[in-house]
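Peer 1: I'm passing along upload.tsv; it holds TSV, C-alpha atoms.
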chain	number	residue	atom	x	y	z
A	1	MET	CA	-20.20	60.45	53.20
A	2	PRO	CA	-16.83	62.07	53.91
A	3	PRO	CA	-14.64	62.73	50.88
A	4	ILE	CA	-11.79	60.41	50.01
A	5	GLY	CA	-8.80	61.17	52.15
A	6	ARG	CA	-10.72	61.72	55.37
A	7	PRO	CA	-9.97	59.23	58.22
A	8	GLY	CA	-13.42	57.60	58.04
A	9	ALA	CA	-13.21	56.90	54.33
A	10	LEU	CA	-9.63	55.69	54.65
A	11	GLN	CA	-10.56	53.25	57.42
A	12	ALA	CA	-13.50	51.93	55.38
A	13	THR	CA	-11.23	51.40	52.37
A	14	GLU	CA	-8.64	49.59	54.45
A	15	ALA	CA	-11.31	47.41	56.08
A	16	ALA	CA	-12.66	46.48	52.64
A	17	THR	CA	-9.16	45.56	51.46
A	18	ALA	CA	-8.57	43.37	54.52
A	19	ARG	CA	-11.93	41.67	53.98
A	20	ARG	CA	-11.13	40.91	50.33
A	21	LEU	CA	-7.74	39.52	51.34
A	22	LEU	CA	-9.35	37.20	53.89
A	23	GLU	CA	-11.88	35.95	51.33
A	24	ALA	CA	-9.19	35.32	48.73
A	25	ALA	CA	-6.91	33.71	51.32
A	26	ALA	CA	-9.67	31.32	52.44
A	27	HIS	CA	-9.99	30.05	48.88
A	28	GLU	CA	-6.23	29.78	48.28
A	29	PHE	CA	-5.40	28.08	51.59
A	30	ALA	CA	-8.33	25.69	51.20
A	31	LEU	CA	-7.19	24.74	47.72
A	32	HIS	CA	-3.46	24.34	48.32
A	33	GLY	CA	-2.76	24.30	52.06
A	34	TYR	CA	-0.46	26.75	53.81
A	35	GLU	CA	2.88	25.78	52.32
A	36	ALA	CA	1.80	25.65	48.68
A	37	ALA	CA	-0.47	28.71	48.81
A	38	ARG	CA	0.91	31.73	46.92
A	39	VAL	CA	0.56	35.20	48.41
A	40	ARG	CA	0.79	36.64	44.89
A	41	ASP	CA	-2.33	34.71	43.87
A	42	ILE	CA	-4.15	35.91	46.98
A	43	VAL	CA	-3.44	39.60	46.41
A	44	ASP	CA	-4.28	39.31	42.70
A	45	ALA	CA	-7.64	37.74	43.54
A	46	ALA	CA	-8.30	40.42	46.15
A	47	GLY	CA	-7.32	43.28	43.84
A	48	ALA	CA	-4.65	44.39	46.30
A	49	ASN	CA	-0.85	44.56	46.35
A	50	LEU	CA	1.78	42.58	48.22
A	51	ALA	CA	2.35	45.39	50.68
A	52	ALA	CA	-1.27	45.12	51.83
A	53	VAL	CA	-0.65	41.66	53.29
A	54	ASN	CA	2.21	42.93	55.44
A	55	TYR	CA	0.29	46.08	56.35
A	56	HIS	CA	-2.86	44.32	57.53
A	57	PHE	CA	-1.56	40.95	58.73
A	58	GLY	CA	2.20	41.11	59.07
A	59	GLY	CA	2.86	38.55	56.32
A	60	LYS	CA	1.66	35.18	55.10
A	61	GLU	CA	1.60	33.50	58.52
A	62	GLY	CA	-0.44	36.32	60.04
A	63	LEU	CA	-2.85	36.19	57.10
A	64	TYR	CA	-3.25	32.44	57.59
A	65	GLN	CA	-3.99	32.83	61.30
A	66	ALA	CA	-6.48	35.63	60.63
A	67	THR	CA	-8.16	33.50	57.96
A	68	LEU	CA	-8.54	30.59	60.37
A	69	ALA	CA	-10.02	32.87	63.03
A	70	GLN	CA	-12.48	34.37	60.53
A	71	LEU	CA	-13.58	30.98	59.22
A	72	ALA	CA	-14.00	29.65	62.77
A	73	ARG	CA	-16.27	32.59	63.65
A	74	GLN	CA	-18.32	32.00	60.52
A	75	ALA	CA	-18.70	28.29	61.34
A	76	ARG	CA	-19.85	29.05	64.89
A	77	ASP	CA	-22.33	31.65	63.63
A	78	ASP	CA	-23.69	29.67	60.68
A	79	SER	CA	-23.95	26.24	62.33
A	80	PRO	CA	-23.57	26.44	66.12
A	81	VAL	CA	-23.17	23.25	68.15
A	82	ASP	CA	-24.31	24.96	71.34
A	83	SER	CA	-27.26	27.19	72.22
A	84	PRO	CA	-29.91	27.46	74.95
A	85	GLU	CA	-32.40	25.82	72.58
A	86	LEU	CA	-30.13	22.82	72.00
A	87	ARG	CA	-29.38	22.45	75.71
A	88	ALA	CA	-33.12	22.28	76.42
A	89	LEU	CA	-33.34	19.03	74.41
A	90	PRO	CA	-32.75	15.55	75.90
A	91	PRO	CA	-29.07	14.48	75.58
A	92	GLN	CA	-29.90	11.93	72.88
A	93	ASP	CA	-31.51	14.65	70.75
A	94	GLN	CA	-28.57	16.94	71.45
A	95	LEU	CA	-26.24	14.28	70.04
A	96	ARG	CA	-28.34	13.95	66.91
A	97	ALA	CA	-28.38	17.74	66.46
A	98	PHE	CA	-24.60	17.82	66.96
A	99	ALA	CA	-24.11	15.12	64.32
A	100	ARG	CA	-26.36	16.98	61.93
A	101	VAL	CA	-24.42	20.24	62.35
A	102	MET	CA	-21.13	18.49	61.59
A	103	LEU	CA	-22.57	16.66	58.58
A	104	GLU	CA	-24.02	19.93	57.29
A	105	ARG	CA	-20.52	21.42	57.38
A	106	TYR	CA	-19.05	18.51	55.43
A	107	LEU	CA	-21.93	17.68	53.06
A	108	GLY	CA	-24.34	20.60	53.04
A	109	ALA	CA	-22.77	22.71	50.31
A	110	ALA	CA	-21.92	21.72	46.76
A	111	SER	CA	-18.31	21.33	47.87
A	112	SER	CA	-16.50	21.15	51.19
A	113	SER	CA	-16.24	24.43	53.09
A	114	PRO	CA	-12.90	26.27	53.11
A	115	LEU	CA	-12.50	25.58	56.83
A	116	SER	CA	-13.07	21.85	56.35
A	117	ARG	CA	-10.52	21.73	53.53
A	118	ILE	CA	-7.95	23.68	55.56
A	119	ILE	CA	-8.43	21.34	58.53
A	120	ALA	CA	-7.91	18.38	56.19
A	121	HIS	CA	-4.65	19.94	54.95
A	122	GLU	CA	-3.54	20.53	58.55
A	123	LEU	CA	-4.27	16.96	59.60
A	124	LEU	CA	-2.24	15.59	56.69
A	125	ASP	CA	0.57	18.15	56.80
A	126	PRO	CA	0.47	20.01	60.14
A	127	THR	CA	1.78	23.53	60.57
A	128	PRO	CA	2.24	25.48	63.82
A	129	ALA	CA	-1.30	26.81	63.26
A	130	LEU	CA	-2.78	23.39	64.09
A	131	GLY	CA	-2.71	24.37	67.75
A	132	GLN	CA	-4.80	27.43	66.90
A	133	ILE	CA	-7.33	25.22	65.12
A	134	VAL	CA	-7.56	22.93	68.14
A	135	ARG	CA	-8.03	25.82	70.55
A	136	GLY	CA	-10.41	27.86	68.42
A	137	VAL	CA	-12.36	25.27	66.42
A	138	THR	CA	-12.11	21.63	67.41
A	139	GLY	CA	-11.37	22.10	71.11
A	140	PRO	CA	-14.69	23.75	72.00
A	141	GLN	CA	-16.52	21.22	69.82
A	142	TRP	CA	-14.91	18.27	71.62
A	143	ALA	CA	-15.73	19.78	75.00
A	144	ARG	CA	-19.38	20.17	74.02
A	145	LEU	CA	-19.54	16.67	72.55
A	146	GLU	CA	-18.04	15.11	75.68
A	147	GLU	CA	-20.56	17.01	77.79
A	148	ILE	CA	-23.41	15.46	75.78
A	149	VAL	CA	-21.83	11.99	75.90
A	150	ARG	CA	-21.34	12.19	79.67
A	151	ALA	CA	-25.03	13.03	80.11
A	152	ILE	CA	-26.00	9.94	78.08
A	153	LEU	CA	-23.55	7.64	79.87
A	154	GLY	CA	-24.61	8.71	83.35
A	155	PRO	CA	-22.66	9.46	86.54
A	156	ALA	CA	-21.04	6.02	86.76
A	157	ALA	CA	-19.07	6.57	83.53
A	158	THR	CA	-15.35	7.18	83.75
A	159	ASP	CA	-13.46	9.89	81.89
A	160	GLU	CA	-12.07	7.16	79.64
A	161	ASP	CA	-15.60	5.96	78.84
A	162	VAL	CA	-16.58	9.48	77.85
A	163	SER	CA	-13.53	10.05	75.66
A	164	LEU	CA	-13.83	6.68	73.90
A	165	CYS	CA	-17.55	7.09	73.21
A	166	ALA	CA	-17.03	10.65	71.95
A	167	LEU	CA	-14.27	9.44	69.62
A	168	SER	CA	-16.44	6.60	68.38
A	169	ALA	CA	-19.36	8.91	67.60
A	170	ALA	CA	-17.22	11.62	66.00
A	171	SER	CA	-15.38	9.17	63.77
A	172	GLN	CA	-18.65	8.51	61.97
A	173	TRP	CA	-19.00	12.08	60.73
A	174	VAL	CA	-15.30	12.93	60.48
A	175	PHE	CA	-15.14	10.29	57.73
A	176	PHE	CA	-16.90	12.75	55.44
A	177	LEU	CA	-14.16	15.34	55.96
A	178	PHE	CA	-11.91	13.15	53.81
A	179	GLY	CA	-14.29	10.65	52.24
A	180	ARG	CA	-17.08	12.75	50.78
A	181	ARG	CA	-16.33	11.97	47.13
A	182	MET	CA	-15.87	8.27	47.81
A	183	PHE	CA	-19.20	8.26	49.67
A	184	GLU	CA	-20.94	9.91	46.72
A	185	LEU	CA	-19.44	7.46	44.23
A	186	GLN	CA	-19.79	4.31	46.30
A	187	PHE	CA	-23.24	5.00	47.77
A	188	PRO	CA	-25.07	7.25	45.28
A	189	ALA	CA	-28.51	6.38	46.67
A	190	LEU	CA	-27.51	7.42	50.19
A	191	ALA	CA	-25.71	10.52	48.94
A	192	ALA	CA	-28.67	11.77	46.89
A	193	GLY	CA	-31.81	13.55	47.91
A	194	PRO	CA	-32.72	16.33	50.32
A	195	ARG	CA	-32.82	14.01	53.35
A	196	ARG	CA	-29.32	12.58	53.03
A	197	ILE	CA	-27.98	14.54	55.98
A	198	ASP	CA	-30.98	13.70	58.15
A	199	ARG	CA	-30.64	10.00	57.32
A	200	LEU	CA	-26.97	9.98	58.21
A	201	ALA	CA	-27.51	11.99	61.40
A	202	ASP	CA	-30.29	9.62	62.51
A	203	HIS	CA	-28.13	6.56	61.88
A	204	ILE	CA	-25.01	7.96	63.54
A	205	ALA	CA	-26.95	9.07	66.60
A	206	ALA	CA	-28.82	5.76	66.89
A	207	SER	CA	-25.70	3.62	66.62
A	208	ALA	CA	-23.68	5.81	68.98
A	209	ILE	CA	-26.47	5.92	71.57
A	210	ALA	CA	-26.89	2.13	71.42
A	211	ALA	CA	-23.19	1.70	72.19
A	212	MET	CA	-23.36	4.23	75.03
A	213	ARG	CA	-26.36	2.47	76.57
A	214	GLU	CA	-24.39	-0.75	76.66
A	215	VAL	CA	-21.48	1.00	78.38
A	216	ARG	CA	-23.91	2.53	80.87
A	217	ARG	CA	-25.56	-0.84	81.50
A	218	GLN	CA	-22.22	-2.39	82.30
A	219	ARG	CA	-21.16	0.46	84.55
A	220	GLU	CA	-24.40	0.64	86.48
A	221	GLY	CA	-25.36	-3.03	86.39
A	222	GLU	CA	-22.00	-4.54	87.29
A	223	PRO	CA	-20.22	-2.16	89.71
A	224	GLY	CA	-16.47	-2.45	89.75
A	225	ARG	CA	-16.28	-4.51	86.57
A	226	PRO	CA	-14.46	-2.82	83.68
A	227	VAL	CA	-16.16	-2.36	80.35
A	228	ALA	CA	-15.12	-5.19	78.03
A	229	SER	CA	-12.49	-4.39	75.45
A	230	ALA	CA	-10.52	-6.46	72.99
A	231	ALA	CA	-7.38	-5.93	75.05
A	232	LYS	CA	-8.96	-7.60	78.10
A	233	LEU	CA	-10.79	-10.53	76.55
A	234	PRO	CA	-10.16	-13.89	78.23
A	235	ARG	CA	-7.35	-15.99	76.83
A	236	GLY	CA	-8.41	-17.97	73.78
A	237	THR	CA	-11.18	-15.57	72.68
A	238	HIS	CA	-9.07	-13.46	70.36
A	239	PRO	CA	-9.52	-14.37	66.68
A	240	LYS	CA	-6.54	-16.27	65.33
A	241	VAL	CA	-4.72	-14.79	62.36
A	242	ARG	CA	-3.15	-17.22	59.95
A	243	ARG	CA	0.41	-16.28	59.17
A	244	ALA	CA	1.41	-16.01	55.53
A	245	PRO	CA	4.03	-18.59	54.45
A	246	LYS	CA	7.57	-17.33	54.26
A	247	ALA	CA	8.71	-16.42	50.77
A	248	ARG	CA	11.17	-18.89	49.24
A	249	PRO	CA	14.46	-17.29	48.13
A	250	VAL	CA	14.58	-16.70	44.39
A	251	GLY	CA	16.62	-19.30	42.51
A	252	ARG	CA	16.48	-21.95	45.21
A	253	GLY	CA	14.39	-25.02	44.70
A	254	PRO	CA	12.86	-27.19	47.40
A	255	LYS	CA	15.26	-29.15	49.58
Take the structure in this file and express it as structure tokens.
Peer 2:
Amino acid sequence: MPPIGRPGALQATEAATARRLLEAAAHEFALHGYEAARVRDIVDAAGANLAAVNYHFGGKEGLYQATLAQLARQARDDSPVDSPELRALPPQDQLRAFARVMLERYLGAASSSPLSRIIAHELLDPTPALGQIVRGVTGPQWARLEEIVRAILGPAATDEDVSLCALSAASQWVFFLFGRRMFELQFPALAAGPRRIDRLADHIAASAIAAMREVRRQREGEPGRPVASAAKLPRGTHPKVRRAPKARPVGRGPK
């Protein structure tokens, strides 16, 4: 090993400092979001100094972007949604595997992953980095999901069919990005046990596939007829909503 002060040792030391900063930043940004996160707390946790953030990342914004990129790489490596093995499965099984990967990210660990928490912060209080998240994290996932959905729907499906069915399926696991604790409190039996993720993945896939089969049946069985939607139901079939009575002004009795 070269003595301290040689270029190799210096580079290794700097790389270790940058790695510690990224780890500390992931925790801080996940806990507080970008705006409320404190650079001082990050450098203290990393055992570094304030100058190290500027040196390695150019400031807080650069550190945030680097943290997002690092967490995205980890998510792709730890729980990929695409691989030759997955593509060899039937589309229905690919959808179930996709749902399971997403549920594992939201429910697999004792607490939500830093990336999941940061995404939740961004959705509630967006920063300019949201575009980076879409391009680097959610964008590729949506493209893969729509590819699977299109294979299930068949060639007669429209782009709108694919997007709507992908949204419908994804909404079932995205719920756990925000609603994990409510799920655990409201449905303790479902939330407990080693098979909870498998149960949820099976149910989400089964319900989503059933809906897609109906869309496919309509597209292939009735050419030229649009898939039914609430906006296009015949007149008189919409449920009627009873209007609440108007409030009587205070201090005025009946006429």
Peer 1: Just the residues within 10 Å of stretch 68-78 of chain A, please, counting all atoms listed in the file, with nothing from its chain fewer than 5 positions along; format it as a VMD selection string.
Peer 2: chain A and resid 19 22 to 23 25 to 26 29 62 to 63 101 105 113 to 116 118 to 119 129 to 130 132 to 133 136 to 138 141
Peer 1: Only C-alpha atoms, please: the residues just picked out, written as a PDB file, in the frame of the given file.
Peer 2:
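again.pdb, written as the output of this step:
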ATOM      1  CA  ARG A  19     -11.930  41.670  53.980  1.00  0.00           C
ATOM      2  CA  LEU A  22      -9.350  37.200  53.890  1.00  0.00           C
ATOM      3  CA  GLU A  23     -11.880  35.950  51.330  1.00  0.00           C
ATOM      4  CA  ALA A  25      -6.910  33.710  51.320  1.00  0.00           C
ATOM      5  CA  ALA A  26      -9.670  31.320  52.440  1.00  0.00           C
ATOM      6  CA  PHE A  29      -5.400  28.080  51.590  1.00  0.00           C
ATOM      7  CA  GLY A  62      -0.440  36.320  60.040  1.00  0.00           C
ATOM      8  CA  LEU A  63      -2.850  36.190  57.100  1.00  0.00           C
ATOM      9  CA  VAL A 101     -24.420  20.240  62.350  1.00  0.00           C
ATOM     10  CA  ARG A 105     -20.520  21.420  57.380  1.00  0.00           C
ATOM     11  CA  SER A 113     -16.240  24.430  53.090  1.00  0.00           C
ATOM     12  CA  PRO A 114     -12.900  26.270  53.110  1.00  0.00           C
ATOM     13  CA  LEU A 115     -12.500  25.580  56.830  1.00  0.00           C
ATOM     14  CA  SER A 116     -13.070  21.850  56.350  1.00  0.00           C
ATOM     15  CA  ILE A 118      -7.950  23.680  55.560  1.00  0.00           C
ATOM     16  CA  ILE A 119      -8.430  21.340  58.530  1.00  0.00           C
ATOM     17  CA  ALA A 129      -1.300  26.810  63.260  1.00  0.00           C
ATOM     18  CA  LEU A 130      -2.780  23.390  64.090  1.00  0.00           C
ATOM     19  CA  GLN A 132      -4.800  27.430  66.900  1.00  0.00           C
ATOM     20  CA  ILE A 133      -7.330  25.220  65.120  1.00  0.00           C
ATOM     21  CA  GLY A 136     -10.410  27.860  68.420  1.00  0.00           C
ATOM     22  CA  VAL A 137     -12.360  25.270  66.420  1.00  0.00           C
ATOM     23  CA  THR A 138     -12.110  21.630  67.410  1.00  0.00           C
ATOM     24  CA  GLN A 141     -16.520  21.220  69.820  1.00  0.00           C
TER      25      GLN A 141
END
Peer 1: Let me make sure I understand: among A:Leu89, A:Leu123, A:Ile209, A:Leu103, which one has the smallest atom-to-atom distance to A:Arg150 if we use only C-alpha atoms?
Peer 2: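 Closest to A:Arg150, using only C-alpha atoms: A:Ile209.
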Peer 1: Around the point (-23.7, 0.0, 79.4) in the file's coordinates, collect all residues with an atom within 12 Å, using all atoms listed in the file, and return them as a PyMOL selection string.
Peer 2: chain A and resi 152-158+161-162+165+208-223+225-228
Peer 1: Hey, can you check how far atom CA of A:Phe98 sits from atom CA of A:Leu145?
Peer 2: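 We find that atom CA of A:Phe98 and atom CA of A:Leu145 lie 7.6 Å from each other.
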Peer 1: Using all atoms listed in the file, determine which residues lie at most 7 Å from A:Arg100, disregarding the query and same-chain residues fewer than 3 positions distant; provide the list as a PDB file with C-alpha atoms, in the frame of the given file.
Peer 2:
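Wrote it out as result.pdb, contents follow:
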ATOM      1  CA  ARG A  96     -28.340  13.950  66.910  1.00  0.00           C
ATOM      2  CA  ALA A  97     -28.380  17.740  66.460  1.00  0.00           C
ATOM      3  CA  LEU A 103     -22.570  16.660  58.580  1.00  0.00           C
ATOM      4  CA  GLU A 104     -24.020  19.930  57.290  1.00  0.00           C
ATOM      5  CA  ILE A 197     -27.980  14.540  55.980  1.00  0.00           C
ATOM      6  CA  ASP A 198     -30.980  13.700  58.150  1.00  0.00           C
ATOM      7  CA  ALA A 201     -27.510  11.990  61.400  1.00  0.00           C
TER       8      ALA A 201
END
Peer 1: Give me the residues within 12 Å of A:Arg181 as a PDB file with C-alpha atoms, in the frame of the given file, counting only C-alpha atoms and dropping any in the same chain fewer than 3 places off.
Peer 2:
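Final output, part.pdb:
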ATOM      1  CA  TYR A 106     -19.050  18.510  55.430  1.00  0.00           C
ATOM      2  CA  LEU A 107     -21.930  17.680  53.060  1.00  0.00           C
ATOM      3  CA  ALA A 110     -21.920  21.720  46.760  1.00  0.00           C
ATOM      4  CA  SER A 111     -18.310  21.330  47.870  1.00  0.00           C
ATOM      5  CA  SER A 112     -16.500  21.150  51.190  1.00  0.00           C
ATOM      6  CA  PHE A 175     -15.140  10.290  57.730  1.00  0.00           C
ATOM      7  CA  PHE A 176     -16.900  12.750  55.440  1.00  0.00           C
ATOM      8  CA  LEU A 177     -14.160  15.340  55.960  1.00  0.00           C
ATOM      9  CA  PHE A 178     -11.910  13.150  53.810  1.00  0.00           C
ATOM     10  CA  GLU A 184     -20.940   9.910  46.720  1.00  0.00           C
ATOM     11  CA  LEU A 185     -19.440   7.460  44.230  1.00  0.00           C
ATOM     12  CA  GLN A 186     -19.790   4.310  46.300  1.00  0.00           C
ATOM     13  CA  PHE A 187     -23.240   5.000  47.770  1.00  0.00           C
ATOM     14  CA  PRO A 188     -25.070   7.250  45.280  1.00  0.00           C
ATOM     15  CA  ALA A 191     -25.710  10.520  48.940  1.00  0.00           C
TER      16      ALA A 191
END
Peer 1: Between atom CA of A:Leu86 and atom CA of A:Ile148, what is the distance in Å, rounded to a tenth?
Peer 2: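 Separation between atom CA of A:Leu86 and atom CA of A:Ile148: 10.7 Å.
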Peer 1: Quick check, in Å to one decimal: how far apart do atom CA of A:Asp82 and atom CA of A:Val134 lie?
Peer 2: 17.2 Å
Peer 1: Could you please give me, as a list in words, the residues of protein, DNA or RNA lying at most 10 Å from (-19.0, 9.1, 62.7) in the coordinate frame of the file, considering all atoms listed in the file?
Peer 2: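 Returned residue set, sorted by chain then number, is Ala99, Met102, Leu103, Ala166, Leu167, Ser168, Ala169, Ala170, Ser171, Gln172, Trp173, Val174, Phe175, Phe176, Leu200, Ala201, His203, Ile204, Ala205, Ser207 and Ala208 of chain A.
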Peer 1: Return the single residue from A:Ser83, A:His121, A:Glu14, A:Ala206 that is closest to A:Ala36, with distances computed using only C-alpha atoms.
Peer 2: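 Checking each candidate against A:Ala36, we get A:His121 as the closest.
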Peer 1: For A:Gly33, which of A:Gly139, A:Pro126, A:Pro91, A:Gly179 is the closest residue, counting all atoms listed in the file?
Peer 2: A:Pro126
Peer 1: In terms of the shortest atom-to-atom distance over all atoms listed in the file, which of A:Glu122, A:Arg144, A:Leu164, A:His32 is closest to A:Pro80?
Peer 2: A:Arg144
Peer 1: Considering only C-alpha atoms, state which residue in the set A:Val43, A:Ala15, A:Leu50, A:Ser79 is at the smallest distance from A:Gly108.
Peer 2: A:Ser79
Peer 1: Counting only C-alpha atoms, which of A:Tyr55, A:Arg40, A:Pro128, A:Leu31 gets nearest to A:Thr17?
Peer 2: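 For A:Thr17, the nearest of the given residues is A:Tyr55.
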